[in-house]
$ cat final37.cif   # mmCIF, C-alpha atoms
data_entry
#
loop_
_atom_site.label_atom_id
_atom_site.label_comp_id
_atom_site.auth_asym_id
_atom_site.auth_seq_id
_atom_site.Cartn_x
_atom_site.Cartn_y
_atom_site.Cartn_z
CA MET A 1 -91.78 59.38 -120.44
CA ARG A 2 -90.71 63.01 -120.49
CA TYR A 3 -89.27 64.61 -117.35
CA GLU A 4 -88.15 67.97 -116.04
CA ILE A 5 -85.17 67.57 -113.73
CA ARG A 6 -83.99 70.19 -111.27
CA LEU A 7 -81.00 69.68 -109.01
CA THR A 8 -79.10 71.93 -106.63
CA VAL A 9 -75.95 70.87 -104.79
CA GLY A 10 -73.75 73.15 -102.74
CA TYR A 11 -70.96 73.37 -100.20
CA ASP A 12 -70.23 75.87 -97.41
CA TYR A 13 -66.65 76.16 -96.16
CA GLY A 14 -65.48 77.29 -92.73
CA ALA A 15 -63.00 79.73 -94.25
CA PRO A 16 -62.54 81.16 -97.74
CA SER A 17 -60.45 78.92 -99.98
CA GLU A 18 -57.31 80.18 -101.66
CA HIS A 19 -57.89 78.17 -104.81
CA ALA A 20 -60.48 75.57 -105.83
CA ARG A 21 -60.83 73.18 -108.74
CA THR A 22 -64.06 71.19 -109.10
CA LEU A 23 -65.10 68.48 -111.54
CA VAL A 24 -68.85 68.11 -112.14
CA ARG A 25 -70.66 65.23 -113.87
CA LEU A 26 -74.33 66.20 -113.71
CA LEU A 27 -75.41 66.87 -117.30
CA PRO A 28 -77.48 64.04 -118.82
CA SER A 29 -76.85 63.23 -122.50
CA ASP A 30 -78.57 61.41 -125.33
CA VAL A 31 -78.21 57.63 -125.05
CA ALA A 32 -78.95 55.63 -128.18
CA ALA A 33 -82.34 53.85 -127.97
CA LYS A 34 -82.71 54.93 -124.31
CA GLN A 35 -83.05 58.67 -123.83
CA ILE A 36 -83.12 62.03 -125.59
CA VAL A 37 -82.12 65.30 -123.91
CA PRO A 38 -83.76 68.28 -125.67
CA SER A 39 -82.42 70.84 -123.19
CA ARG A 40 -79.96 71.08 -120.30
CA LEU A 41 -78.39 73.93 -118.37
CA LEU A 42 -75.76 73.89 -115.62
CA THR A 43 -75.26 77.09 -113.64
CA VAL A 44 -72.63 77.82 -111.01
CA GLY A 45 -72.41 80.42 -108.29
CA PRO A 46 -70.17 82.23 -107.72
CA LYS A 47 -69.01 82.41 -111.32
CA PRO A 48 -65.71 80.54 -111.78
CA GLN A 49 -62.73 82.19 -113.44
CA GLU A 50 -62.42 79.17 -115.72
CA ARG A 51 -65.01 76.72 -117.03
CA HIS A 52 -64.37 73.90 -119.48
CA ASP A 53 -67.06 71.52 -120.77
CA THR A 54 -65.71 68.30 -122.25
CA ARG A 55 -66.24 64.53 -122.20
CA ASP A 56 -64.34 61.87 -120.31
CA PHE A 57 -63.19 58.49 -121.63
CA PHE A 58 -66.61 56.93 -120.98
CA GLY A 59 -68.41 59.66 -122.93
CA ASN A 60 -69.84 61.43 -119.88
CA VAL A 61 -70.11 65.22 -119.96
CA MET A 62 -67.58 66.78 -117.58
CA THR A 63 -67.59 70.40 -116.44
CA VAL A 64 -64.30 71.62 -114.98
CA LEU A 65 -64.61 74.67 -112.71
CA VAL A 66 -61.57 76.65 -111.55
CA PHE A 67 -61.69 79.44 -108.95
CA HIS A 68 -58.63 81.66 -108.63
CA GLU A 69 -60.28 84.00 -106.14
CA PRO A 70 -61.29 82.99 -102.57
CA ILE A 71 -64.74 81.46 -102.15
CA ASP A 72 -66.53 80.29 -99.00
CA THR A 73 -69.45 78.64 -100.78
CA ILE A 74 -70.23 77.03 -104.13
CA GLU A 75 -73.62 76.12 -105.57
CA VAL A 76 -74.23 74.12 -108.74
CA SER A 77 -77.72 73.91 -110.27
CA LEU A 78 -79.04 71.75 -113.08
CA LYS A 79 -82.20 72.18 -115.11
CA ALA A 80 -82.86 69.64 -117.85
CA THR A 81 -85.63 68.12 -119.92
CA VAL A 82 -85.19 64.42 -120.64
CA GLU A 83 -87.28 62.01 -122.66
CA ARG A 84 -86.73 58.46 -121.44
CA LEU A 85 -87.70 55.91 -124.07
CA GLN A 86 -89.68 52.84 -123.11
CA PRO A 87 -87.29 49.87 -123.34
CA ALA A 88 -88.27 47.09 -125.69
CA ALA A 89 -88.95 43.68 -124.23
CA SER A 90 -85.63 41.87 -123.87
CA LEU A 91 -85.21 38.35 -125.15
CA ASP A 92 -82.45 36.42 -123.45
CA PHE A 93 -79.89 35.33 -126.03
CA SER A 94 -77.01 35.51 -123.58
CA PRO A 95 -74.65 32.53 -123.20
CA ASP A 96 -73.71 30.62 -120.06
CA LEU A 97 -70.64 31.70 -118.12
CA GLN A 98 -68.24 29.42 -119.96
CA LYS A 99 -69.32 30.71 -123.36
CA LEU A 100 -69.43 34.30 -122.05
CA ALA A 101 -65.77 34.05 -121.00
CA GLN A 102 -64.86 33.05 -124.55
CA GLU A 103 -66.83 35.97 -126.00
CA VAL A 104 -65.17 38.44 -123.61
CA LEU A 105 -61.71 37.22 -124.67
CA ALA A 106 -62.66 37.34 -128.33
CA ASN A 107 -63.85 40.96 -128.07
CA ARG A 108 -60.91 43.12 -129.20
CA ASN A 109 -62.80 46.40 -128.92
CA LEU A 110 -61.12 48.95 -126.63
CA THR A 111 -63.69 51.76 -126.82
CA ALA A 112 -65.55 52.93 -123.72
CA VAL A 113 -68.16 50.19 -124.07
CA ALA A 114 -65.65 47.35 -124.39
CA PRO A 115 -66.27 44.62 -121.79
CA ALA A 116 -62.52 44.44 -121.11
CA HIS A 117 -62.70 47.65 -119.04
CA TYR A 118 -65.27 46.15 -116.67
CA THR A 119 -63.90 42.72 -115.79
CA GLY A 120 -61.20 43.38 -113.18
CA ILE A 121 -61.02 45.33 -109.96
CA SER A 122 -61.49 49.12 -110.01
CA PRO A 123 -60.79 51.88 -107.45
CA ARG A 124 -64.04 51.41 -105.48
CA VAL A 125 -64.65 47.71 -106.25
CA PRO A 126 -61.90 45.39 -105.04
CA ALA A 127 -62.34 41.62 -104.93
CA ASP A 128 -63.98 40.27 -101.78
CA PRO A 129 -64.30 36.57 -100.80
CA GLU A 130 -67.67 36.95 -99.07
CA ILE A 131 -69.25 38.73 -102.04
CA THR A 132 -67.69 36.18 -104.42
CA GLU A 133 -69.23 33.36 -102.40
CA PHE A 134 -72.60 35.11 -102.48
CA ALA A 135 -72.42 35.52 -106.26
CA ASN A 136 -71.41 31.90 -106.82
CA SER A 137 -74.36 30.70 -104.75
CA HIS A 138 -76.73 32.30 -107.29
CA ALA A 139 -74.92 31.25 -110.47
CA ASP A 140 -76.27 27.76 -111.07
CA SER A 141 -74.57 25.76 -113.78
CA GLY A 142 -76.17 26.23 -117.19
CA LEU A 143 -77.91 29.51 -116.37
CA SER A 144 -77.53 32.29 -118.93
CA ALA A 145 -75.52 35.37 -118.05
CA MET A 146 -78.65 37.55 -118.12
CA SER A 147 -80.48 35.16 -115.78
CA ILE A 148 -77.55 35.27 -113.37
CA VAL A 149 -77.55 39.08 -113.39
CA GLU A 150 -81.22 39.10 -112.46
CA ALA A 151 -80.82 36.34 -109.85
CA ILE A 152 -77.97 38.15 -108.09
CA GLY A 153 -79.83 41.48 -108.22
CA LYS A 154 -82.96 39.98 -106.69
CA ALA A 155 -81.01 38.08 -104.02
CA LEU A 156 -79.11 41.21 -103.05
CA HIS A 157 -82.36 43.14 -102.77
CA GLU A 158 -83.72 40.45 -100.44
CA GLN A 159 -80.62 40.31 -98.25
CA MET A 160 -79.79 44.01 -98.04
CA ARG A 161 -81.72 46.72 -96.21
CA PHE A 162 -81.84 50.23 -97.64
CA ASP A 163 -80.57 52.58 -94.95
CA PRO A 164 -79.38 56.11 -95.85
CA GLU A 165 -77.70 56.47 -92.45
CA ALA A 166 -75.74 53.22 -92.56
CA THR A 167 -72.87 54.08 -94.87
CA GLU A 168 -70.85 56.96 -96.30
CA VAL A 169 -69.68 57.65 -99.84
CA SER A 170 -66.31 56.06 -98.99
CA THR A 171 -67.70 52.86 -97.42
CA PRO A 172 -66.14 49.78 -99.12
CA PRO A 173 -68.62 47.28 -100.64
CA ALA A 174 -67.28 44.51 -98.36
CA GLU A 175 -68.25 46.50 -95.26
CA ALA A 176 -71.72 47.35 -96.60
CA TYR A 177 -72.34 43.72 -97.53
CA SER A 178 -71.09 42.48 -94.16
CA LYS A 179 -73.60 44.77 -92.41
CA ARG A 180 -76.30 43.97 -95.00
CA HIS A 181 -77.47 47.55 -95.29
CA GLY A 182 -76.61 50.65 -97.27
CA VAL A 183 -77.75 52.93 -100.09
CA CYS A 184 -77.99 52.50 -103.86
CA GLN A 185 -74.25 53.09 -104.26
CA ASP A 186 -73.56 50.16 -101.91
CA PHE A 187 -76.10 47.88 -103.61
CA SER A 188 -74.50 48.66 -106.98
CA HIS A 189 -70.89 48.22 -105.87
CA ILE A 190 -71.67 44.88 -104.20
CA MET A 191 -73.47 43.61 -107.29
CA ILE A 192 -70.65 44.78 -109.58
CA SER A 193 -68.11 42.97 -107.42
CA GLY A 194 -70.16 39.78 -107.48
CA LEU A 195 -70.73 39.83 -111.23
CA ARG A 196 -67.06 40.48 -111.99
CA SER A 197 -66.05 37.58 -109.76
CA LEU A 198 -68.08 35.34 -112.09
CA GLY A 199 -66.52 36.81 -115.23
CA ILE A 200 -69.52 38.99 -116.12
CA PRO A 201 -68.32 42.50 -117.09
CA ALA A 202 -70.16 45.01 -114.92
CA GLY A 203 -70.17 48.77 -114.42
CA TYR A 204 -71.84 51.60 -112.55
CA VAL A 205 -74.60 53.90 -113.79
CA SER A 206 -75.46 57.19 -112.08
CA GLY A 207 -78.60 59.13 -112.76
CA PHE A 208 -82.05 59.95 -111.50
CA LEU A 209 -85.06 57.84 -110.61
CA ARG A 210 -88.64 59.03 -110.63
CA THR A 211 -90.08 58.29 -107.22
CA LEU A 212 -93.77 58.15 -106.37
CA PRO A 213 -95.18 59.42 -103.04
CA PRO A 214 -97.18 57.13 -100.76
CA LYS A 215 -100.81 56.78 -101.82
CA GLY A 216 -102.86 59.79 -100.78
CA GLN A 217 -99.85 61.97 -99.97
CA PRO A 218 -98.61 64.93 -102.02
CA ARG A 219 -95.38 64.72 -103.95
CA LEU A 220 -92.54 66.57 -102.21
CA GLU A 221 -90.58 69.01 -104.34
CA GLY A 222 -86.83 68.46 -104.15
CA ALA A 223 -87.14 65.34 -101.99
CA ASP A 224 -85.51 62.98 -104.46
CA ALA A 225 -81.81 62.14 -104.63
CA MET A 226 -79.47 60.91 -107.31
CA HIS A 227 -79.65 57.18 -107.93
CA ALA A 228 -77.29 54.40 -109.02
CA TRP A 229 -77.69 51.03 -110.69
CA VAL A 230 -75.64 48.43 -112.60
CA CYS A 231 -74.84 47.75 -116.24
CA ALA A 232 -73.64 44.28 -117.27
CA TRP A 233 -72.35 42.87 -120.56
CA CYS A 234 -74.13 39.62 -121.36
CA GLY A 235 -72.48 38.51 -124.57
CA ILE A 236 -72.30 39.46 -128.22
CA GLU A 237 -75.99 38.94 -128.97
CA THR A 238 -77.43 40.58 -125.85
CA GLY A 239 -74.83 43.27 -125.23
CA TRP A 240 -75.24 45.61 -122.26
CA ILE A 241 -78.22 45.42 -119.94
CA GLU A 242 -79.03 47.56 -116.89
CA TYR A 243 -80.34 46.29 -113.55
CA ASP A 244 -81.35 48.18 -110.41
CA PRO A 245 -80.62 45.97 -107.36
CA THR A 246 -81.95 48.58 -104.92
CA ASN A 247 -85.41 48.09 -106.43
CA ALA A 248 -84.99 44.55 -107.85
CA CYS A 249 -85.86 45.49 -111.43
CA PHE A 250 -84.34 46.07 -114.83
CA ALA A 251 -83.81 49.77 -115.52
CA GLY A 252 -86.76 51.21 -117.39
CA SER A 253 -88.49 54.44 -118.30
CA ASP A 254 -88.19 55.74 -114.72
CA HIS A 255 -84.37 55.55 -114.81
CA ILE A 256 -82.65 58.65 -116.28
CA VAL A 257 -78.97 58.18 -117.14
CA VAL A 258 -76.31 60.79 -116.32
CA ALA A 259 -73.02 58.87 -116.44
CA TYR A 260 -71.45 55.43 -116.96
CA GLY A 261 -68.22 54.14 -115.42
CA ARG A 262 -66.48 51.26 -113.71
CA ASP A 263 -67.62 52.42 -110.25
CA TYR A 264 -68.55 55.58 -108.37
CA SER A 265 -65.07 57.04 -108.74
CA ASP A 266 -65.64 57.39 -112.51
CA VAL A 267 -69.03 59.12 -112.20
CA ALA A 268 -68.94 61.13 -108.95
CA PRO A 269 -71.34 64.08 -109.47
CA VAL A 270 -69.02 66.58 -107.79
CA LYS A 271 -65.40 66.19 -106.72
CA GLY A 272 -62.37 68.43 -106.52
CA VAL A 273 -59.67 70.02 -104.42
CA LEU A 274 -59.33 73.28 -102.50
CA ARG A 275 -57.30 74.84 -99.71
CA SER A 276 -59.38 75.97 -96.76
CA SER A 277 -59.78 75.45 -93.01
CA GLY A 278 -62.55 74.81 -90.54
CA ASP A 279 -65.70 72.77 -90.98
CA GLN A 280 -67.45 72.03 -94.25
CA SER A 281 -71.15 71.37 -94.85
CA SER A 282 -73.07 70.38 -97.95
CA PHE A 283 -76.65 70.50 -99.15
CA HIS A 284 -78.56 69.13 -102.11
CA SER A 285 -82.03 68.73 -103.54
CA VAL A 286 -83.32 66.82 -106.55
CA ASP A 287 -86.69 67.05 -108.22
CA VAL A 288 -87.77 64.73 -111.03
CA ARG A 289 -91.15 65.80 -112.40
CA PRO A 290 -93.03 63.97 -115.18
CA LEU A 291 -94.24 66.32 -117.92
#
$ encode --input "final37.cif" --output "structure tokens"
Amino acid sequence: MRYEIRLTVGYDYGAPSEHARTLVRLLPSDVAAKQIVPSRLLTVGPKPQERHDTRDFFGNVMTVLVFHEPIDTIEVSLKATVERLQPAASLDFSPDLQKLAQEVLANRNLTAVAPAHYTGISPRVPADPEITEFANSHADSGLSAMSIVEAIGKALHEQMRFDPEATEVSTPPAEAYSKRHGVCQDFSHIMISGLRSLGIPAGYVSGFLRTLPPKGQPRLEGADAMHAWVCAWCGIETGWIEYDPTNACFAGSDHIVVAYGRDYSDVAPVKGVLRSSGDQSSFHSVDVRPL
């Protein structure tokens, strides 16, 4: 599938800032055997005094914006064309949990895709007894790692209710799971916590998801939002797989990758610091259009 993606995100501040520094992770990149990005453009208004485009440890494109002059608003816009490749049918060659633990320990790779980076706690995903108990209840003895990933993702989808008003970006996964409702970020963080508690390396994927309007209704321009799902390492033979617990499915040609990390803190689309006063408001729109 080939898509045109348009995104606009902005912030209005109650008073002009003295200085501002913003870090943006919104540019999709080529991902081997998954997606090709023929074109991408990130524009910023007002124009920053400094702009640096680089990559972080995980290989995500980072744009650093620095404003030395006062600003009372900032708007970042993305326009990109992405070809998402149809994933091949996956055969499950993953080991059980005991064998997986041995393969994780034997893996001496320390690059960004090394499972060692995704096994312990991370800034947004601490250990939680209730989530650990939930994960253990769906990890029957003898099941393969890939089967457990799918079982936990499906169970989470059944237990949780999607509710965009229930949580905030800072809501801990334990709180979202306790309430049994949240957004895709909450679904993903809970699943990551559960998988790690079993010894399955797991991380966070941010990106876009093509959404379809209800039958008979027109598609709304700009009505989409950024999406999140989970990546999990299922052994030497299987490697990394991606599962979307919000929709109870493996990531496919409708899932467009922007960034990989341990949790949301590694892939936040926009974050930064500034000195200002008064209220702050934000706005955003996303449009994912098949070509």
$ resolve_selection --input "final37.cif" --expression "the PyMOL selection byres ((chain A and resi 225) around 12)" --output "VMD selection string"
chain A and resid 5 to 9 164 183 to 185 206 to 211 220 to 224 226 to 228 269 283 to 288
$ write_last_selection --input "final37.cif" --atoms "C-alpha atoms" --output "compact mmCIF listing (two decimals), in the coordinates of the input"
# COMPACT_ATOMS: atom_id res chain seq x y z
CA ILE A 5 -85.17 67.57 -113.73
CA ARG A 6 -83.99 70.19 -111.27
CA LEU A 7 -81.00 69.68 -109.01
CA THR A 8 -79.10 71.93 -106.63
CA VAL A 9 -75.95 70.87 -104.79
CA PRO A 164 -79.38 56.11 -95.85
CA VAL A 183 -77.75 52.93 -100.09
CA CYS A 184 -77.99 52.50 -103.86
CA GLN A 185 -74.25 53.09 -104.26
CA SER A 206 -75.46 57.19 -112.08
CA GLY A 207 -78.60 59.13 -112.76
CA PHE A 208 -82.05 59.95 -111.50
CA LEU A 209 -85.06 57.84 -110.61
CA ARG A 210 -88.64 59.03 -110.63
CA THR A 211 -90.08 58.29 -107.22
CA LEU A 220 -92.54 66.57 -102.21
CA GLU A 221 -90.58 69.01 -104.34
CA GLY A 222 -86.83 68.46 -104.15
CA ALA A 223 -87.14 65.34 -101.99
CA ASP A 224 -85.51 62.98 -104.46
CA MET A 226 -79.47 60.91 -107.31
CA HIS A 227 -79.65 57.18 -107.93
CA ALA A 228 -77.29 54.40 -109.02
CA PRO A 269 -71.34 64.08 -109.47
CA PHE A 283 -76.65 70.50 -99.15
CA HIS A 284 -78.56 69.13 -102.11
CA SER A 285 -82.03 68.73 -103.54
CA VAL A 286 -83.32 66.82 -106.55
CA ASP A 287 -86.69 67.05 -108.22
CA VAL A 288 -87.77 64.73 -111.03
$ atom_distance --input "final37.cif" --atom1 "atom CA of Lys34 of chain A" --atom2 "atom CA of Ala145 of chain A"
21.8 Å
$ residues_around --input "final37.cif" --residues "segment 150-157 of chain A" --least-positions-apart "3" --cutoff "7 Å" --atoms "all atoms listed in the file" --output "list of chain:residue names"
A:Ala135, A:His138, A:Met146, A:Ser147, A:Met160, A:Met191, A:Pro245, A:Thr246, A:Asn247, A:Ala248
$ resolve_selection --input "final37.cif" --expression "the PyMOL selection byres ((chain A and resi 103) around 12)" --output "list in words"
Ser94, Pro95, Asp96, Leu97, Gln98, Lys99, Leu100, Ala101, Gln102, Val104, Leu105, Ala106, Asn107, Arg108, Asn109, Ala114, Pro115, Ala116, Ala145, Gly199, Ile200, Pro201, Trp233, Cys234, Gly235, Ile236, Glu237, Thr238 and Gly239 of chain A
$ resolve_selection --input "final37.cif" --expression "the PyMOL selection byres ((chain A and resi 70) around 9)" --output "ChimeraX atom specification"
/A:16-20,67-69,71-72
$ atom_distance --input "final37.cif" --atom1 "atom CA of Ser276 of chain A" --atom2 "atom CA of Val169 of chain A"
21.2 Å
$ closest_atom_pairs --input "final37.cif" --of "segment 117-226 of chain A" --to "segment 253-263 of chain A" --cutoff "12 Å" --atoms "only C-alpha atoms" --output "tab-separated table"
residue	atom	partner	partner_atom	distance
A:His117	CA	A:Arg262	CA	7.5
A:Tyr118	CA	A:Arg262	CA	6.0
A:Thr119	CA	A:Arg262	CA	9.2
A:Gly120	CA	A:Arg262	CA	9.5
A:Ile121	CA	A:Arg262	CA	8.9
A:Ser122	CA	A:Arg262	CA	6.6
A:Pro123	CA	A:Asp263	CA	7.4
A:Arg124	CA	A:Asp263	CA	6.0
A:Val125	CA	A:Asp263	CA	6.9
A:Pro126	CA	A:Asp263	CA	10.5
A:Val169	CA	A:Asp263	CA	11.8
A:Ser170	CA	A:Asp263	CA	11.9
A:Pro172	CA	A:Asp263	CA	11.5
A:Pro173	CA	A:Asp263	CA	10.9
A:Gln185	CA	A:Asp263	CA	9.0
A:Asp186	CA	A:Asp263	CA	10.5
A:Phe187	CA	A:Asp263	CA	11.7
A:Ser188	CA	A:Asp263	CA	8.5
A:His189	CA	A:Asp263	CA	6.9
A:Ile190	CA	A:Asp263	CA	10.5
A:Met191	CA	A:Asp263	CA	11.0
A:Ile192	CA	A:Asp263	CA	8.2
A:Ser193	CA	A:Asp263	CA	9.9
A:Arg196	CA	A:Arg262	CA	10.9
A:Pro201	CA	A:Arg262	CA	9.6
A:Ala202	CA	A:Arg262	CA	7.4
A:Gly203	CA	A:Arg262	CA	4.5
A:Tyr204	CA	A:Asp263	CA	4.9
A:Val205	CA	A:Tyr260	CA	4.7
A:Ser206	CA	A:Ala259	CA	5.3
A:Gly207	CA	A:Val257	CA	4.5
A:Phe208	CA	A:Ile256	CA	5.0
A:Leu209	CA	A:His255	CA	4.8
A:Arg210	CA	A:Asp254	CA	5.3
A:Thr211	CA	A:Asp254	CA	8.1
A:Leu212	CA	A:Asp254	CA	10.3
A:Met226	CA	A:Val258	CA	9.5
$ closest_residue --input "final37.cif" --among "A:Ser29, A:Gln86, A:Ser137, A:Thr73" --to "Lys47 of chain A" --atoms "only C-alpha atoms"
A:Thr73
$ closest_residue --input "final37.cif" --among "A:Arg275, A:Arg289, A:Arg180, A:Arg25" --to "Glu4 of chain A" --atoms "only C-alpha atoms"
A:Arg289
$ closest_residue --input "final37.cif" --among "A:Phe93, A:Asp30, A:Leu198, A:Trp229" --to "Tyr264 of chain A" --atoms "all atoms listed in the file"
A:Trp229
$ atom_distance --input "final37.cif" --atom1 "atom CA of Ser39 of chain A" --atom2 "atom CA of Thr81 of chain A"
5.3 Å
$ closest_residue --input "final37.cif" --among "A:Ile241, A:Val113, A:Leu274, A:Val230" --to "Phe57 of chain A" --atoms "all atoms listed in the file"
A:Val113
$ residues_near_point --input "final37.cif" --point "(-78.6, 72.0, -121.1)" --cutoff "10 Å" --atoms "only C-alpha atoms" --output "ChimeraX atom specification"
/A:27-29,37-43,78-81
$ closest_residue --input "final37.cif" --among "A:Ser282, A:Phe134, A:Ser144, A:Tyr177" --to "Val76 of chain A" --atoms "only C-alpha atoms"
A:Ser282
$ closest_residue --input "final37.cif" --among "A:Lys271, A:Glu242, A:Ala112, A:Gly194" --to "Asp56 of chain A" --atoms "only C-alpha atoms"
A:Ala112
$ build_atoms --input "final37.cif" --residues "segment 32-55 of chain A" --atoms "N, CA and C atoms" --output "tab-separated table (two decimals), in the frame of the given file"
chain	number	residue	atom	x	y	z
A	32	ALA	N	-78.30	56.29	-127.05
A	32	ALA	CA	-78.95	55.63	-128.18
A	32	ALA	C	-79.99	54.62	-127.70
A	33	ALA	N	-81.21	54.75	-128.24
A	33	ALA	CA	-82.34	53.85	-127.97
A	33	ALA	C	-82.83	53.91	-126.52
A	34	LYS	N	-82.30	54.87	-125.71
A	34	LYS	CA	-82.71	54.93	-124.31
A	34	LYS	C	-83.24	56.30	-123.90
A	35	GLN	N	-82.56	57.37	-124.26
A	35	GLN	CA	-83.05	58.67	-123.83
A	35	GLN	C	-82.58	59.77	-124.77
A	36	ILE	N	-83.39	60.84	-124.80
A	36	ILE	CA	-83.12	62.03	-125.59
A	36	ILE	C	-83.16	63.22	-124.64
A	37	VAL	N	-82.20	64.13	-124.79
A	37	VAL	CA	-82.12	65.30	-123.91
A	37	VAL	C	-82.29	66.56	-124.76
A	38	PRO	N	-83.52	67.08	-124.86
A	38	PRO	CA	-83.76	68.28	-125.67
A	38	PRO	C	-83.10	69.54	-125.11
A	39	SER	N	-83.00	69.64	-123.77
A	39	SER	CA	-82.42	70.84	-123.19
A	39	SER	C	-81.74	70.51	-121.87
A	40	ARG	N	-80.67	71.25	-121.56
A	40	ARG	CA	-79.96	71.08	-120.30
A	40	ARG	C	-79.17	72.34	-120.02
A	41	LEU	N	-79.10	72.71	-118.75
A	41	LEU	CA	-78.39	73.93	-118.37
A	41	LEU	C	-77.78	73.72	-116.99
A	42	LEU	N	-76.47	73.98	-116.89
A	42	LEU	CA	-75.76	73.89	-115.62
A	42	LEU	C	-75.27	75.28	-115.25
A	43	THR	N	-75.69	75.77	-114.10
A	43	THR	CA	-75.26	77.09	-113.64
A	43	THR	C	-74.47	76.95	-112.35
A	44	VAL	N	-73.54	77.88	-112.15
A	44	VAL	CA	-72.63	77.82	-111.01
A	44	VAL	C	-72.55	79.18	-110.34
A	45	GLY	N	-72.60	79.18	-109.03
A	45	GLY	CA	-72.41	80.42	-108.29
A	45	GLY	C	-71.47	80.19	-107.10
A	46	PRO	N	-70.50	81.07	-106.89
A	46	PRO	CA	-70.17	82.23	-107.72
A	46	PRO	C	-69.58	81.80	-109.07
A	47	LYS	N	-69.51	82.73	-109.99
A	47	LYS	CA	-69.01	82.41	-111.32
A	47	LYS	C	-67.52	82.08	-111.26
A	48	PRO	N	-67.13	80.90	-111.82
A	48	PRO	CA	-65.71	80.54	-111.78
A	48	PRO	C	-64.89	81.37	-112.77
A	49	GLN	N	-63.60	81.46	-112.52
A	49	GLN	CA	-62.73	82.19	-113.44
A	49	GLN	C	-62.45	81.36	-114.70
A	50	GLU	N	-62.57	80.05	-114.57
A	50	GLU	CA	-62.42	79.17	-115.72
A	50	GLU	C	-63.53	78.12	-115.70
A	51	ARG	N	-64.03	77.79	-116.89
A	51	ARG	CA	-65.01	76.72	-117.03
A	51	ARG	C	-64.75	76.01	-118.35
A	52	HIS	N	-64.61	74.69	-118.28
A	52	HIS	CA	-64.37	73.90	-119.48
A	52	HIS	C	-65.37	72.74	-119.51
A	53	ASP	N	-66.12	72.63	-120.59
A	53	ASP	CA	-67.06	71.52	-120.77
A	53	ASP	C	-66.47	70.55	-121.80
A	54	THR	N	-66.32	69.30	-121.39
A	54	THR	CA	-65.71	68.30	-122.25
A	54	THR	C	-66.34	66.95	-121.94
A	55	ARG	N	-65.77	65.88	-122.49
A	55	ARG	CA	-66.24	64.53	-122.20
A	55	ARG	C	-65.08	63.68	-121.71
